>>> print(open('query16.cif').read())   # mmCIF, C-alpha atoms
data_query
loop_
_atom_site.group_PDB
_atom_site.id
_atom_site.type_symbol
_atom_site.label_atom_id
_atom_site.label_comp_id
_atom_site.auth_asym_id
_atom_site.auth_seq_id
_atom_site.Cartn_x
_atom_site.Cartn_y
_atom_site.Cartn_z
ATOM 1 C CA MET A 258 -56.845 -5.306 4.179
ATOM 2 C CA MET A 259 -55.326 -1.914 3.457
ATOM 3 C CA HIS A 260 -52.585 -0.753 5.848
ATOM 4 C CA VAL A 261 -53.434 2.921 6.047
ATOM 5 C CA GLY A 262 -50.713 4.054 8.433
ATOM 6 C CA THR A 263 -47.212 5.083 7.562
ATOM 7 C CA ILE A 264 -44.318 2.653 7.512
ATOM 8 C CA GLY A 265 -46.457 -0.169 8.882
ATOM 9 C CA ASP A 266 -49.702 -1.033 10.615
ATOM 10 C CA VAL A 267 -49.115 0.726 13.955
ATOM 11 C CA PRO A 268 -51.091 2.608 16.604
ATOM 12 C CA ARG A 269 -51.702 6.246 15.674
ATOM 13 C CA LYS A 270 -49.691 7.624 18.583
ATOM 14 C CA LEU A 271 -46.595 5.868 17.230
ATOM 15 C CA VAL A 272 -46.917 7.213 13.685
ATOM 16 C CA ALA A 273 -44.781 10.303 14.273
ATOM 17 C CA GLY A 274 -41.936 8.336 15.759
ATOM 18 C CA LEU A 275 -41.933 5.710 13.031
ATOM 19 C CA LEU A 276 -42.194 8.270 10.259
ATOM 20 C CA VAL A 277 -38.800 9.528 11.296
ATOM 21 C CA SER A 278 -37.336 6.196 10.271
ATOM 22 C CA LEU A 279 -38.225 6.790 6.624
ATOM 23 C CA LEU A 280 -34.872 8.545 6.426
ATOM 24 C CA TRP A 281 -33.184 5.258 7.381
ATOM 25 C CA GLY A 282 -32.782 4.457 3.694
ATOM 26 C CA GLY A 283 -30.443 7.418 3.213
ATOM 27 C CA PHE A 284 -30.225 10.112 0.602
ATOM 28 C CA SER A 285 -28.089 11.465 -2.206
ATOM 29 C CA CYS A 286 -28.278 15.117 -3.258
ATOM 30 C CA ALA A 287 -27.826 16.198 -6.850
ATOM 31 C CA GLU A 288 -25.889 19.249 -5.674
ATOM 32 C CA PRO A 289 -23.899 19.073 -2.432
ATOM 33 C CA GLN A 290 -24.875 21.441 0.346
ATOM 34 C CA PRO A 291 -23.694 21.862 3.957
ATOM 35 C CA LEU A 292 -24.902 18.946 6.089
ATOM 36 C CA ALA A 293 -26.302 21.206 8.821
ATOM 37 C CA THR A 294 -28.364 23.242 6.351
ATOM 38 C CA ALA A 295 -29.594 20.157 4.483
ATOM 39 C CA SER A 296 -30.546 18.386 7.715
ATOM 40 C CA THR A 297 -32.431 21.407 9.058
ATOM 41 C CA ASP A 298 -34.412 21.820 5.844
ATOM 42 C CA LEU A 299 -35.233 18.121 5.640
ATOM 43 C CA GLN A 300 -36.302 18.048 9.273
ATOM 44 C CA ALA A 301 -38.722 20.906 8.633
ATOM 45 C CA MET A 302 -40.152 19.115 5.585
ATOM 46 C CA LEU A 303 -40.506 15.888 7.541
ATOM 47 C CA ASN A 304 -42.239 17.691 10.408
ATOM 48 C CA ARG A 305 -44.754 19.224 7.999
ATOM 49 C CA ALA A 306 -45.456 15.848 6.433
ATOM 50 C CA VAL A 307 -45.882 14.132 9.809
ATOM 51 C CA THR A 308 -48.150 16.865 11.153
ATOM 52 C CA ALA A 309 -50.387 16.853 8.070
ATOM 53 C CA PHE A 310 -50.672 13.048 8.110
ATOM 54 C CA GLU A 311 -51.549 12.954 11.821
ATOM 55 C CA GLN A 312 -54.151 15.691 11.410
ATOM 56 C CA ALA A 313 -55.664 13.836 8.476
ATOM 57 C CA GLN A 314 -55.990 10.644 10.500
ATOM 58 C CA ALA A 315 -57.671 12.587 13.303
ATOM 59 C CA GLU A 316 -60.175 14.129 10.861
ATOM 60 C CA GLN A 317 -61.046 10.946 8.939
ATOM 61 C CA ASP A 318 -64.173 10.003 10.882
ATOM 62 C CA ASP A 319 -65.715 13.444 11.454
ATOM 63 C CA ASN A 320 -64.624 15.363 8.353
ATOM 64 C CA PRO A 321 -63.597 13.057 5.472
ATOM 65 C CA GLU A 322 -63.235 15.871 2.933
ATOM 66 C CA ARG A 323 -60.920 17.844 5.207
ATOM 67 C CA ALA A 324 -58.962 14.622 5.865
ATOM 68 C CA ARG A 325 -58.449 14.071 2.132
ATOM 69 C CA GLN A 326 -57.103 17.600 1.781
ATOM 70 C CA LEU A 327 -54.689 17.032 4.636
ATOM 71 C CA PHE A 328 -53.540 13.694 3.205
ATOM 72 C CA ARG A 329 -52.805 15.501 -0.052
ATOM 73 C CA SER A 330 -50.857 18.132 1.877
ATOM 74 C CA ALA A 331 -48.869 15.352 3.545
ATOM 75 C CA ALA A 332 -48.151 13.843 0.130
ATOM 76 C CA GLN A 333 -46.927 17.189 -1.169
ATOM 77 C CA ALA A 334 -44.633 17.517 1.847
ATOM 78 C CA PHE A 335 -43.200 14.045 1.203
ATOM 79 C CA GLU A 336 -42.751 14.999 -2.470
ATOM 80 C CA ALA A 337 -40.688 17.989 -1.336
ATOM 81 C CA ILE A 338 -38.416 15.638 0.612
ATOM 82 C CA VAL A 339 -37.927 13.491 -2.500
ATOM 83 C CA ALA A 340 -37.224 16.619 -4.566
ATOM 84 C CA ALA A 341 -34.559 17.560 -1.995
ATOM 85 C CA GLY A 342 -32.686 14.347 -2.759
ATOM 86 C CA VAL A 343 -34.052 11.683 -0.387
ATOM 87 C CA HIS A 344 -34.694 8.409 -2.214
ATOM 88 C CA ASN A 345 -35.690 5.187 -0.444
ATOM 89 C CA GLY A 346 -38.481 2.653 -0.238
ATOM 90 C CA ARG A 347 -39.993 3.929 2.996
ATOM 91 C CA ILE A 348 -40.676 7.449 1.787
ATOM 92 C CA GLU A 349 -42.197 6.066 -1.434
ATOM 93 C CA TYR A 350 -44.390 3.796 0.700
ATOM 94 C CA ASN A 351 -45.508 6.797 2.757
ATOM 95 C CA LEU A 352 -46.297 8.706 -0.435
ATOM 96 C CA GLY A 353 -48.389 5.782 -1.655
ATOM 97 C CA ASN A 354 -50.335 5.715 1.620
ATOM 98 C CA ALA A 355 -50.913 9.485 1.615
ATOM 99 C CA TYR A 356 -52.152 9.514 -1.984
ATOM 100 C CA PHE A 357 -54.323 6.445 -1.396
ATOM 101 C CA GLN A 358 -56.042 8.116 1.555
ATOM 102 C CA ALA A 359 -56.425 11.286 -0.526
ATOM 103 C CA GLY A 360 -58.306 9.262 -3.154
ATOM 104 C CA ASP A 361 -55.608 9.582 -5.833
ATOM 105 C CA ILE A 362 -55.374 5.954 -6.929
ATOM 106 C CA GLY A 363 -53.056 6.622 -9.865
ATOM 107 C CA ARG A 364 -50.349 8.270 -7.775
ATOM 108 C CA ALA A 365 -50.814 5.734 -4.983
ATOM 109 C CA ILE A 366 -50.034 2.871 -7.383
ATOM 110 C CA LEU A 367 -47.147 4.864 -8.878
ATOM 111 C CA HIS A 368 -45.448 5.342 -5.518
ATOM 112 C CA TYR A 369 -46.133 1.791 -4.311
ATOM 113 C CA ARG A 370 -44.437 0.625 -7.510
ATOM 114 C CA ARG A 371 -41.510 2.930 -6.816
ATOM 115 C CA ALA A 372 -41.313 1.590 -3.277
ATOM 116 C CA GLN A 373 -41.095 -1.927 -4.718
ATOM 117 C CA GLU A 374 -38.044 -0.880 -6.733
ATOM 118 C CA TYR A 375 -36.215 -0.555 -3.409
ATOM 119 C CA ARG A 376 -38.069 -3.201 -1.355
ATOM 120 C CA PRO A 377 -39.486 -5.769 -3.807
ATOM 121 C CA ARG A 378 -40.465 -8.327 -1.156
ATOM 122 C CA ASP A 379 -41.981 -6.018 1.472
ATOM 123 C CA PRO A 380 -45.374 -7.604 2.372
ATOM 124 C CA LEU A 381 -46.977 -4.278 3.368
ATOM 125 C CA ILE A 382 -46.073 -2.666 0.056
ATOM 126 C CA MET A 383 -47.400 -5.656 -1.882
ATOM 127 C CA GLU A 384 -50.634 -5.748 0.113
ATOM 128 C CA ASN A 385 -51.296 -2.031 -0.227
ATOM 129 C CA LEU A 386 -50.441 -2.138 -3.926
ATOM 130 C CA ARG A 387 -52.982 -4.913 -4.503
ATOM 131 C CA GLU A 388 -55.599 -2.926 -2.580
ATOM 132 C CA ALA A 389 -54.912 0.194 -4.653
ATOM 133 C CA GLN A 390 -55.029 -1.799 -7.893
ATOM 134 C CA SER A 391 -58.429 -3.185 -6.900
ATOM 135 C CA ARG A 392 -59.732 0.388 -6.703
ATOM 136 C CA SER A 393 -58.745 1.270 -10.264
ATOM 137 C CA LEU A 394 -61.762 1.741 -12.535
ATOM 138 C CA THR A 395 -59.992 0.121 -15.500
ATOM 139 C CA THR A 396 -59.135 -3.555 -15.089
ATOM 140 C CA ILE A 397 -56.704 -5.105 -17.561
ATOM 141 C CA ARG A 398 -55.752 -8.740 -17.152
ATOM 142 C CA PRO A 399 -52.134 -9.646 -18.005
ATOM 143 C CA SER A 400 -51.480 -11.795 -21.038
ATOM 144 C CA SER A 401 -50.538 -15.442 -20.579
ATOM 145 C CA ARG A 402 -47.040 -14.656 -21.909
ATOM 146 C CA SER A 403 -46.488 -11.982 -19.264
ATOM 147 C CA ALA A 404 -47.734 -14.275 -16.500
ATOM 148 C CA MET A 405 -45.438 -17.063 -17.698
ATOM 149 C CA LEU A 406 -42.371 -14.796 -17.745
ATOM 150 C CA HIS A 407 -43.083 -13.590 -14.203
ATOM 151 C CA SER A 408 -43.428 -17.197 -13.081
ATOM 152 C CA ILE A 409 -40.253 -18.507 -14.745
ATOM 153 C CA PHE A 410 -38.032 -15.538 -13.925
ATOM 154 C CA PHE A 411 -39.526 -14.864 -10.494
ATOM 155 C CA TRP A 412 -36.079 -14.121 -9.042
ATOM 156 C CA HIS A 413 -35.682 -11.253 -11.538
ATOM 157 C CA TYR A 414 -38.977 -9.645 -10.536
ATOM 158 C CA GLN A 415 -38.753 -10.345 -6.800
ATOM 159 C CA THR A 416 -35.324 -8.829 -6.200
ATOM 160 C CA SER A 417 -34.006 -5.319 -6.691
ATOM 161 C CA ALA A 418 -31.320 -4.415 -9.223
ATOM 162 C CA GLY A 419 -29.036 -3.498 -6.336
ATOM 163 C CA GLU A 420 -29.456 -6.927 -4.745
ATOM 164 C CA ARG A 421 -28.631 -8.624 -8.036
ATOM 165 C CA LEU A 422 -25.562 -6.444 -8.514
ATOM 166 C CA MET A 423 -24.402 -7.310 -5.008
ATOM 167 C CA ALA A 424 -24.963 -11.023 -5.625
ATOM 168 C CA GLY A 425 -23.026 -10.808 -8.877
ATOM 169 C CA ALA A 426 -20.116 -8.996 -7.240
ATOM 170 C CA PHE A 427 -20.024 -11.528 -4.386
ATOM 171 C CA CYS A 428 -19.966 -14.442 -6.829
ATOM 172 C CA TRP A 429 -17.245 -12.729 -8.889
ATOM 173 C CA VAL A 430 -14.991 -12.434 -5.826
ATOM 174 C CA GLY A 431 -15.787 -16.021 -4.817
ATOM 175 C CA LEU A 432 -14.997 -17.239 -8.336
ATOM 176 C CA TRP A 433 -11.484 -15.814 -8.311
ATOM 177 C CA PHE A 434 -10.882 -17.026 -4.778
ATOM 178 C CA LEU A 435 -11.707 -20.589 -5.823
ATOM 179 C CA LEU A 436 -9.564 -20.336 -8.942
ATOM 180 C CA ALA A 437 -6.645 -19.172 -6.819
ATOM 181 C CA LEU A 438 -7.320 -21.984 -4.363
ATOM 182 C CA ARG A 439 -7.338 -24.477 -7.259
ATOM 183 C CA VAL A 440 -3.791 -23.459 -8.147
ATOM 184 C CA LEU A 441 -2.623 -24.144 -4.603
ATOM 185 C CA VAL A 442 -4.756 -27.197 -3.827
ATOM 186 C CA PRO A 443 -5.918 -29.425 -6.724
ATOM 187 C CA TRP A 444 -9.375 -30.226 -5.344
ATOM 188 C CA ARG A 445 -11.960 -31.120 -7.997
ATOM 189 C CA TRP A 446 -14.853 -29.544 -6.129
ATOM 190 C CA THR A 447 -13.250 -26.094 -6.511
ATOM 191 C CA VAL A 448 -13.724 -26.288 -10.279
ATOM 192 C CA VAL A 449 -17.384 -27.228 -9.922
ATOM 193 C CA ALA A 450 -17.996 -24.531 -7.323
ATOM 194 C CA ALA A 451 -16.180 -21.948 -9.451
ATOM 195 C CA GLY A 452 -18.367 -22.878 -12.417
ATOM 196 C CA ILE A 453 -21.538 -22.465 -10.367
ATOM 197 C CA LEU A 454 -20.397 -19.097 -9.024
ATOM 198 C CA GLY A 455 -19.455 -17.975 -12.515
ATOM 199 C CA PHE A 456 -22.897 -18.917 -13.834
ATOM 200 C CA VAL A 457 -24.703 -17.150 -10.963
ATOM 201 C CA CYS A 458 -22.475 -14.115 -11.476
ATOM 202 C CA LEU A 459 -23.338 -13.872 -15.177
ATOM 203 C CA VAL A 460 -27.056 -14.353 -14.537
ATOM 204 C CA SER A 461 -27.151 -11.798 -11.711
ATOM 205 C CA LEU A 462 -25.202 -9.118 -13.542
ATOM 206 C CA GLY A 463 -27.086 -9.803 -16.775
ATOM 207 C CA SER A 464 -30.402 -9.481 -14.958
ATOM 208 C CA ALA A 465 -29.342 -6.174 -13.351
ATOM 209 C CA ALA A 466 -28.177 -4.896 -16.748
ATOM 210 C CA ALA A 467 -31.483 -5.938 -18.295
ATOM 211 C CA THR A 468 -33.380 -3.976 -15.632
ATOM 212 C CA ARG A 469 -31.316 -0.882 -16.332
ATOM 213 C CA TRP A 470 -31.895 -1.293 -20.090
ATOM 214 C CA GLU A 471 -35.633 -1.665 -19.504
ATOM 215 C CA ASN A 472 -35.727 1.457 -17.328
ATOM 216 C CA ARG A 473 -34.038 3.426 -20.099
ATOM 217 C CA HIS A 474 -35.614 1.977 -23.236
ATOM 218 C CA ALA A 475 -38.855 0.260 -22.158
ATOM 219 C CA PRO A 476 -39.789 1.828 -18.802
ATOM 220 C CA ALA A 477 -42.893 0.966 -16.835
ATOM 221 C CA GLY A 478 -45.448 3.689 -16.179
ATOM 222 C CA VAL A 479 -48.800 4.434 -14.575
ATOM 223 C CA VAL A 480 -51.744 6.480 -15.833
ATOM 224 C CA LEU A 481 -52.443 9.413 -13.491
ATOM 225 C CA ASP A 482 -55.248 11.397 -15.159
ATOM 226 C CA HIS A 483 -58.904 10.519 -15.561
ATOM 227 C CA ASP A 484 -60.403 9.610 -18.950
ATOM 228 C CA VAL A 485 -57.128 9.199 -20.842
ATOM 229 C CA THR A 486 -57.863 8.582 -24.513
ATOM 230 C CA VAL A 487 -55.671 6.074 -26.344
ATOM 231 C CA TYR A 488 -55.066 6.924 -30.020
ATOM 232 C CA LYS A 489 -53.773 4.917 -32.962
ATOM 233 C CA GLY A 490 -51.018 7.450 -33.564
ATOM 234 C CA PRO A 491 -49.099 10.218 -31.753
ATOM 235 C CA GLY A 492 -51.727 12.947 -32.041
ATOM 236 C CA LYS A 493 -55.359 13.793 -31.434
ATOM 237 C CA THR A 494 -56.057 13.726 -35.177
ATOM 238 C CA TYR A 495 -55.716 9.936 -35.147
ATOM 239 C CA GLN A 496 -58.627 7.606 -34.440
ATOM 240 C CA ARG A 497 -59.185 6.196 -30.983
ATOM 241 C CA GLN A 498 -57.564 2.862 -30.341
ATOM 242 C CA PHE A 499 -60.064 1.841 -27.646
ATOM 243 C CA GLU A 500 -63.671 2.838 -27.179
ATOM 244 C CA GLN A 501 -63.271 3.355 -23.431
ATOM 245 C CA PRO A 502 -60.633 5.760 -22.034
ATOM 246 C CA LEU A 503 -58.133 4.644 -19.414
ATOM 247 C CA GLN A 504 -58.577 5.612 -15.768
ATOM 248 C CA PRO A 505 -55.942 6.344 -13.086
ATOM 249 C CA GLY A 506 -53.860 3.376 -12.002
ATOM 250 C CA VAL A 507 -53.560 1.571 -15.338
ATOM 251 C CA GLU A 508 -50.008 0.256 -15.709
ATOM 252 C CA PHE A 509 -48.122 0.017 -18.986
ATOM 253 C CA THR A 510 -44.735 -0.262 -20.690
ATOM 254 C CA VAL A 511 -43.474 2.554 -22.923
ATOM 255 C CA ARG A 512 -42.436 1.204 -26.334
ATOM 256 C CA GLU A 513 -41.824 4.445 -28.244
ATOM 257 C CA ARG A 514 -41.736 8.198 -27.603
ATOM 258 C CA ARG A 515 -42.501 11.117 -29.892
ATOM 259 C CA ALA A 516 -42.694 14.777 -28.855
ATOM 260 C CA GLY A 517 -45.025 14.579 -25.869
ATOM 261 C CA TRP A 518 -46.567 11.224 -26.801
ATOM 262 C CA TRP A 519 -45.899 7.693 -25.583
ATOM 263 C CA ASN A 520 -46.674 4.474 -27.408
ATOM 264 C CA VAL A 521 -47.713 2.244 -24.509
ATOM 265 C CA GLU A 522 -48.250 -1.497 -24.226
ATOM 266 C CA LEU A 523 -50.835 -2.583 -21.684
ATOM 267 C CA ALA A 524 -50.693 -5.748 -19.606
ATOM 268 C CA ASP A 525 -52.881 -7.622 -22.105
ATOM 269 C CA GLY A 526 -50.514 -6.796 -25.000
ATOM 270 C CA ASN A 527 -52.645 -4.098 -26.646
ATOM 271 C CA ARG A 528 -50.860 -0.905 -27.669
ATOM 272 C CA GLY A 529 -51.700 2.712 -28.420
ATOM 273 C CA TRP A 530 -50.590 6.324 -27.975
ATOM 274 C CA ILE A 531 -51.276 8.576 -24.982
ATOM 275 C CA GLU A 532 -50.110 12.047 -24.017
ATOM 276 C CA SER A 533 -47.041 11.714 -21.800
ATOM 277 C CA GLU A 534 -48.231 14.419 -19.390
ATOM 278 C CA GLN A 535 -51.177 12.221 -18.400
ATOM 279 C CA ALA A 536 -48.937 9.536 -16.885
ATOM 280 C CA ALA A 537 -45.603 9.048 -15.100
ATOM 281 C CA LEU A 538 -42.743 6.563 -15.163
ATOM 282 C CA VAL A 539 -42.181 4.195 -12.255
ATOM 283 C CA THR A 540 -38.439 4.856 -12.422
ATOM 284 C CA PRO A 541 -37.805 8.510 -13.340
ATOM 285 C CA GLU A 542 -35.056 8.812 -15.937
ATOM 286 C CA GLN A 543 -32.762 10.792 -13.634
ATOM 287 C CA ASP A 544 -32.940 7.959 -11.062
ATOM 288 C CA THR A 545 -32.259 5.041 -13.427
ATOM 289 C CA ALA A 546 -28.610 4.661 -12.466
ATOM 290 C CA SER A 547 -28.835 5.811 -8.870
ATOM 291 C CA LEU A 548 -31.459 3.196 -8.017
ATOM 292 C CA ALA A 549 -28.919 0.416 -8.380
ATOM 293 C CA MET A 550 -25.698 2.246 -7.564
ATOM 294 C CA SER A 551 -26.604 4.616 -4.725
ATOM 295 C CA SER A 552 -24.697 4.523 -1.442
ATOM 296 C CA PRO A 553 -27.128 5.580 1.313
ATOM 297 C CA THR A 554 -26.034 8.030 4.011
ATOM 298 C CA PRO A 555 -28.119 8.138 7.218
ATOM 299 C CA LEU A 556 -29.600 11.475 8.240
ATOM 300 C CA PRO A 557 -29.777 12.786 11.812
ATOM 301 C CA ARG A 558 -32.968 12.021 13.704
ATOM 302 C CA PRO A 559 -35.279 15.067 13.559
ATOM 303 C CA GLU A 560 -36.199 16.661 16.867
ATOM 304 C CA ARG A 561 -39.921 16.865 17.668
ATOM 305 C CA GLU A 562 -41.625 18.837 20.402
#
>>> encode(input="query16.cif", output="structure tokens")
Amino acid sequence: MMHVGTIGDVPRKLVAGLLVSLLWGGFSCAEPQPLATASTDLQAMLNRAVTAFEQAQAEQDDNPERARQLFRSAAQAFEAIVAAGVHNGRIEYNLGNAYFQAGDIGRAILHYRRAQEYRPRDPLIMENLREAQSRSLTTIRPSSRSAMLHSIFFWHYQTSAGERLMAGAFCWVGLWFLLALRVLVPWRWTVVAAGILGFVCLVSLGSAAATRWENRHAPAGVVLDHDVTVYKGPGKTYQRQFEQPLQPGVEFTVRERRAGWWNVELADGNRGWIESEQAALVTPEQDTASLAMSSPTPLPRPERE
């Protein structure tokens, strides 16, 4: 069942209060600005987003079309907060909910996927993502190879790059501690434990590095536009690769880029070229490094009347 509220499945009267906590994940601004000014601006943006979302929920039963417009307004307000430098899983989750309620399945899936980059095991995000995926008009089953990789390397796909970096750093410190202890006390178990920590360290850091490489060279993306034609080459003069166009919500991996065109690989392994402006990347290029290396800073709690 779709959780249509923000942050979690909560009574409507609590939505405003819980929305405030989306800033819990912190923020990093591309260009520094005075904290008081930044906080005031972000509070105003958050208030607009909260107000639009609450109004949309109130209008859902009596005026669905008006509610969809308000949900889109809420999404645009949340987008403004992201553009101002706030990056965390909760705001991406809220964006996914707002776009889902507005009927924009492509952007809903995009932002649920982005939320998973920060909170890969959040059950609400996973449930809402599955619900959004079920609404996509184009269904593509993953290849057996893809399913096998996700099964074998589940720890890689079910943890964030930041968590793997932290695990690797912890194991690295533990490794040297045990080696130092071995010099002082010749216990055999320290060698075995050091070997295990060294292996986990290499795997964790290698996995995090692989994620960063994928985000740069083979990023995941989502189709946003309706009736996206897939061509056999990077241009409309080429023949169509598939008879049926792709619909919003189709997920893919970018394999090659050429002047406004992406060569994409779908979940079933088929490939073709689409116009890049008809889709978006799950991890925007400017956020590739910050996703794993950011150091969140809490914002003040916005005041509400």
>>> atom_distance(input="query16.cif", atom1="CA of His483 in chain A", atom2="CA of Asn354 in chain A")
19.8 Å
>>> atom_distance(input="query16.cif", atom1="CA of Glu534 in chain A", atom2="CA of Gly478 in chain A")
11.5 Å
>>> resolve_selection(input="query16.cif", expression="the PyMOL selection byres ((chain A and resi 436) around 12)", output="ChimeraX atom specification")
/A:429-435,437-452,454-455
>>> residues_near_point(input="query16.cif", point="(-55.8, 4.7, -11.7)", cutoff="9 Å", atoms="only C-alpha atoms", output="ChimeraX atom specification")
/A:361-366,389-390,392-395,479-483,503-508
>>> axis_aligned_box(input="query16.cif", around="range 457-472 of chain A", padding_each_side="3 Å", output="JSON")
{"center_x": -29.1, "center_y": -7.8, "center_z": -15.5, "size_x": 19.3, "size_y": 24.6, "size_z": 15.1}
>>> residues_around(input="query16.cif", residues="Ile397 in chain A", least_positions_apart="2", cutoff="7 Å", atoms="only C-alpha atoms", output="PyMOL selection string")
chain A and resi 395+399+524-525
>>> atom_distance(input="query16.cif", atom1="CA of His413 in chain A", atom2="CA of Ala467 in chain A")
9.6 Å
>>> residues_around(input="query16.cif", residues="Trp519 in chain A", least_positions_apart="3", cutoff="7 Å", atoms="all atoms listed in the file", output="list in words")
Val511, Glu513, Arg514, Arg515, Trp530, Ile531, Glu532 and Ser533 of chain A
>>> resolve_selection(input="query16.cif", expression="the PyMOL selection byres ((chain A and resi 468) around 12)", output="JSON, numbers by chain")
{"A": [374, 413, 414, 416, 417, 418, 419, 420, 421, 422, 461, 462, 463, 464, 465, 466, 467, 469, 470, 471, 472, 473, 474, 475, 476, 477, 540, 545, 546, 548, 549]}
>>> closest_residue(input="query16.cif", among="A:Ala341, A:Ala359, A:Val460, A:Leu523", to="Gln317 in chain A", atoms="all atoms listed in the file")
A:Ala359
>>> closest_residue(input="query16.cif", among="A:Val539, A:Ala334, A:Cys458, A:Ala301", to="Ala355 in chain A", atoms="only C-alpha atoms")
A:Ala334
>>> resolve_selection(input="query16.cif", expression="the PyMOL selection byres ((chain A and resi 325) around 9)", output="ChimeraX atom specification")
/A:313,316-317,320-324,326-330,355-356,358-360
>>> residues_around(input="query16.cif", residues="Gln415 in chain A", least_positions_apart="4", cutoff="8 Å", atoms="only C-alpha atoms", output="list in words")
Pro377, Arg378 and Phe411 of chain A
>>> residues_around(input="query16.cif", residues="Glu336 in chain A", least_positions_apart="4", cutoff="10 Å", atoms="all atoms listed in the file", output="list in words")
Met302, Ala306, Ser330, Ala331, Ala332, Ala340, Ala341, Val343, Ile348, Glu349 and Leu352 of chain A
>>> closest_residue(input="query16.cif", among="A:Gln501, A:Tyr488, A:Gly425, A:Pro541", to="Phe456 in chain A", atoms="all atoms listed in the file")
A:Gly425
>>> closest_residue(input="query16.cif", among="A:Pro491, A:Ile409, A:Arg398, A:Gly529", to="Ala516 in chain A", atoms="all atoms listed in the file")
A:Pro491
>>> residues_around(input="query16.cif", residues="Ser400 in chain A", least_positions_apart="4", cutoff="12 Å", atoms="all atoms listed in the file", output="VMD selection string")
chain A and resid 404 to 407 522 to 527
>>> closest_residue(input="query16.cif", among="A:Asn345, A:Leu459, A:Asn520, A:Gly353", to="Glu388 in chain A", atoms="all atoms listed in the file")
A:Gly353
>>> closest_residue(input="query16.cif", among="A:Val457, A:Arg528, A:Arg402, A:Leu386", to="Cys428 in chain A", atoms="all atoms listed in the file")
A:Val457
>>> build_atoms(input="query16.cif", residues="range 386-401 of chain A", atoms="N, CA and C atoms", output="PDB file, in the frame of the given file")
ATOM      1  N   LEU A 386     -50.392  -2.267  -2.477  1.00  0.00           N
ATOM      2  CA  LEU A 386     -50.441  -2.138  -3.926  1.00  0.00           C
ATOM      3  C   LEU A 386     -51.629  -2.901  -4.486  1.00  0.00           C
ATOM      4  N   ARG A 387     -51.833  -4.128  -4.024  1.00  0.00           N
ATOM      5  CA  ARG A 387     -52.982  -4.913  -4.503  1.00  0.00           C
ATOM      6  C   ARG A 387     -54.297  -4.212  -4.164  1.00  0.00           C
ATOM      7  N   GLU A 388     -54.377  -3.628  -2.967  1.00  0.00           N
ATOM      8  CA  GLU A 388     -55.599  -2.926  -2.580  1.00  0.00           C
ATOM      9  C   GLU A 388     -55.832  -1.722  -3.480  1.00  0.00           C
ATOM     10  N   ALA A 389     -54.776  -0.971  -3.771  1.00  0.00           N
ATOM     11  CA  ALA A 389     -54.912   0.194  -4.653  1.00  0.00           C
ATOM     12  C   ALA A 389     -55.306  -0.242  -6.063  1.00  0.00           C
ATOM     13  N   GLN A 390     -54.699  -1.309  -6.554  1.00  0.00           N
ATOM     14  CA  GLN A 390     -55.029  -1.799  -7.893  1.00  0.00           C
ATOM     15  C   GLN A 390     -56.486  -2.224  -7.986  1.00  0.00           C
ATOM     16  N   SER A 391     -57.025  -2.756  -6.893  1.00  0.00           N
ATOM     17  CA  SER A 391     -58.429  -3.185  -6.900  1.00  0.00           C
ATOM     18  C   SER A 391     -59.385  -1.999  -6.979  1.00  0.00           C
ATOM     19  N   ARG A 392     -58.891  -0.807  -6.657  1.00  0.00           N
ATOM     20  CA  ARG A 392     -59.732   0.388  -6.703  1.00  0.00           C
ATOM     21  C   ARG A 392     -59.707   1.080  -8.062  1.00  0.00           C
ATOM     22  N   SER A 393     -58.811   0.661  -8.943  1.00  0.00           N
ATOM     23  CA  SER A 393     -58.745   1.270 -10.264  1.00  0.00           C
ATOM     24  C   SER A 393     -60.004   0.941 -11.059  1.00  0.00           C
ATOM     25  N   LEU A 394     -60.519   1.925 -11.792  1.00  0.00           N
ATOM     26  CA  LEU A 394     -61.762   1.741 -12.535  1.00  0.00           C
ATOM     27  C   LEU A 394     -61.551   1.010 -13.857  1.00  0.00           C
ATOM     28  N   THR A 395     -60.305   0.864 -14.275  1.00  0.00           N
ATOM     29  CA  THR A 395     -59.992   0.121 -15.500  1.00  0.00           C
ATOM     30  C   THR A 395     -59.213  -1.131 -15.127  1.00  0.00           C
ATOM     31  N   THR A 396     -59.788  -2.283 -15.408  1.00  0.00           N
ATOM     32  CA  THR A 396     -59.135  -3.555 -15.089  1.00  0.00           C
ATOM     33  C   THR A 396     -58.620  -4.201 -16.364  1.00  0.00           C
ATOM     34  N   ILE A 397     -57.322  -4.476 -16.392  1.00  0.00           N
ATOM     35  CA  ILE A 397     -56.704  -5.105 -17.561  1.00  0.00           C
ATOM     36  C   ILE A 397     -55.961  -6.350 -17.098  1.00  0.00           C
ATOM     37  N   ARG A 398     -56.383  -7.491 -17.564  1.00  0.00           N
ATOM     38  CA  ARG A 398     -55.752  -8.740 -17.152  1.00  0.00           C
ATOM     39  C   ARG A 398     -54.461  -8.957 -17.940  1.00  0.00           C
ATOM     40  N   PRO A 399     -53.395  -9.411 -17.284  1.00  0.00           N
ATOM     41  CA  PRO A 399     -52.134  -9.646 -18.005  1.00  0.00           C
ATOM     42  C   PRO A 399     -52.247 -10.803 -18.980  1.00  0.00           C
ATOM     43  N   SER A 400     -51.480 -10.728 -20.046  1.00  0.00           N
ATOM     44  CA  SER A 400     -51.480 -11.795 -21.038  1.00  0.00           C
ATOM     45  C   SER A 400     -50.838 -13.050 -20.446  1.00  0.00           C
ATOM     46  N   SER A 401     -51.108 -14.174 -21.062  1.00  0.00           N
ATOM     47  CA  SER A 401     -50.538 -15.442 -20.579  1.00  0.00           C
ATOM     48  C   SER A 401     -49.014 -15.418 -20.706  1.00  0.00           C
TER      49      SER A 401
END
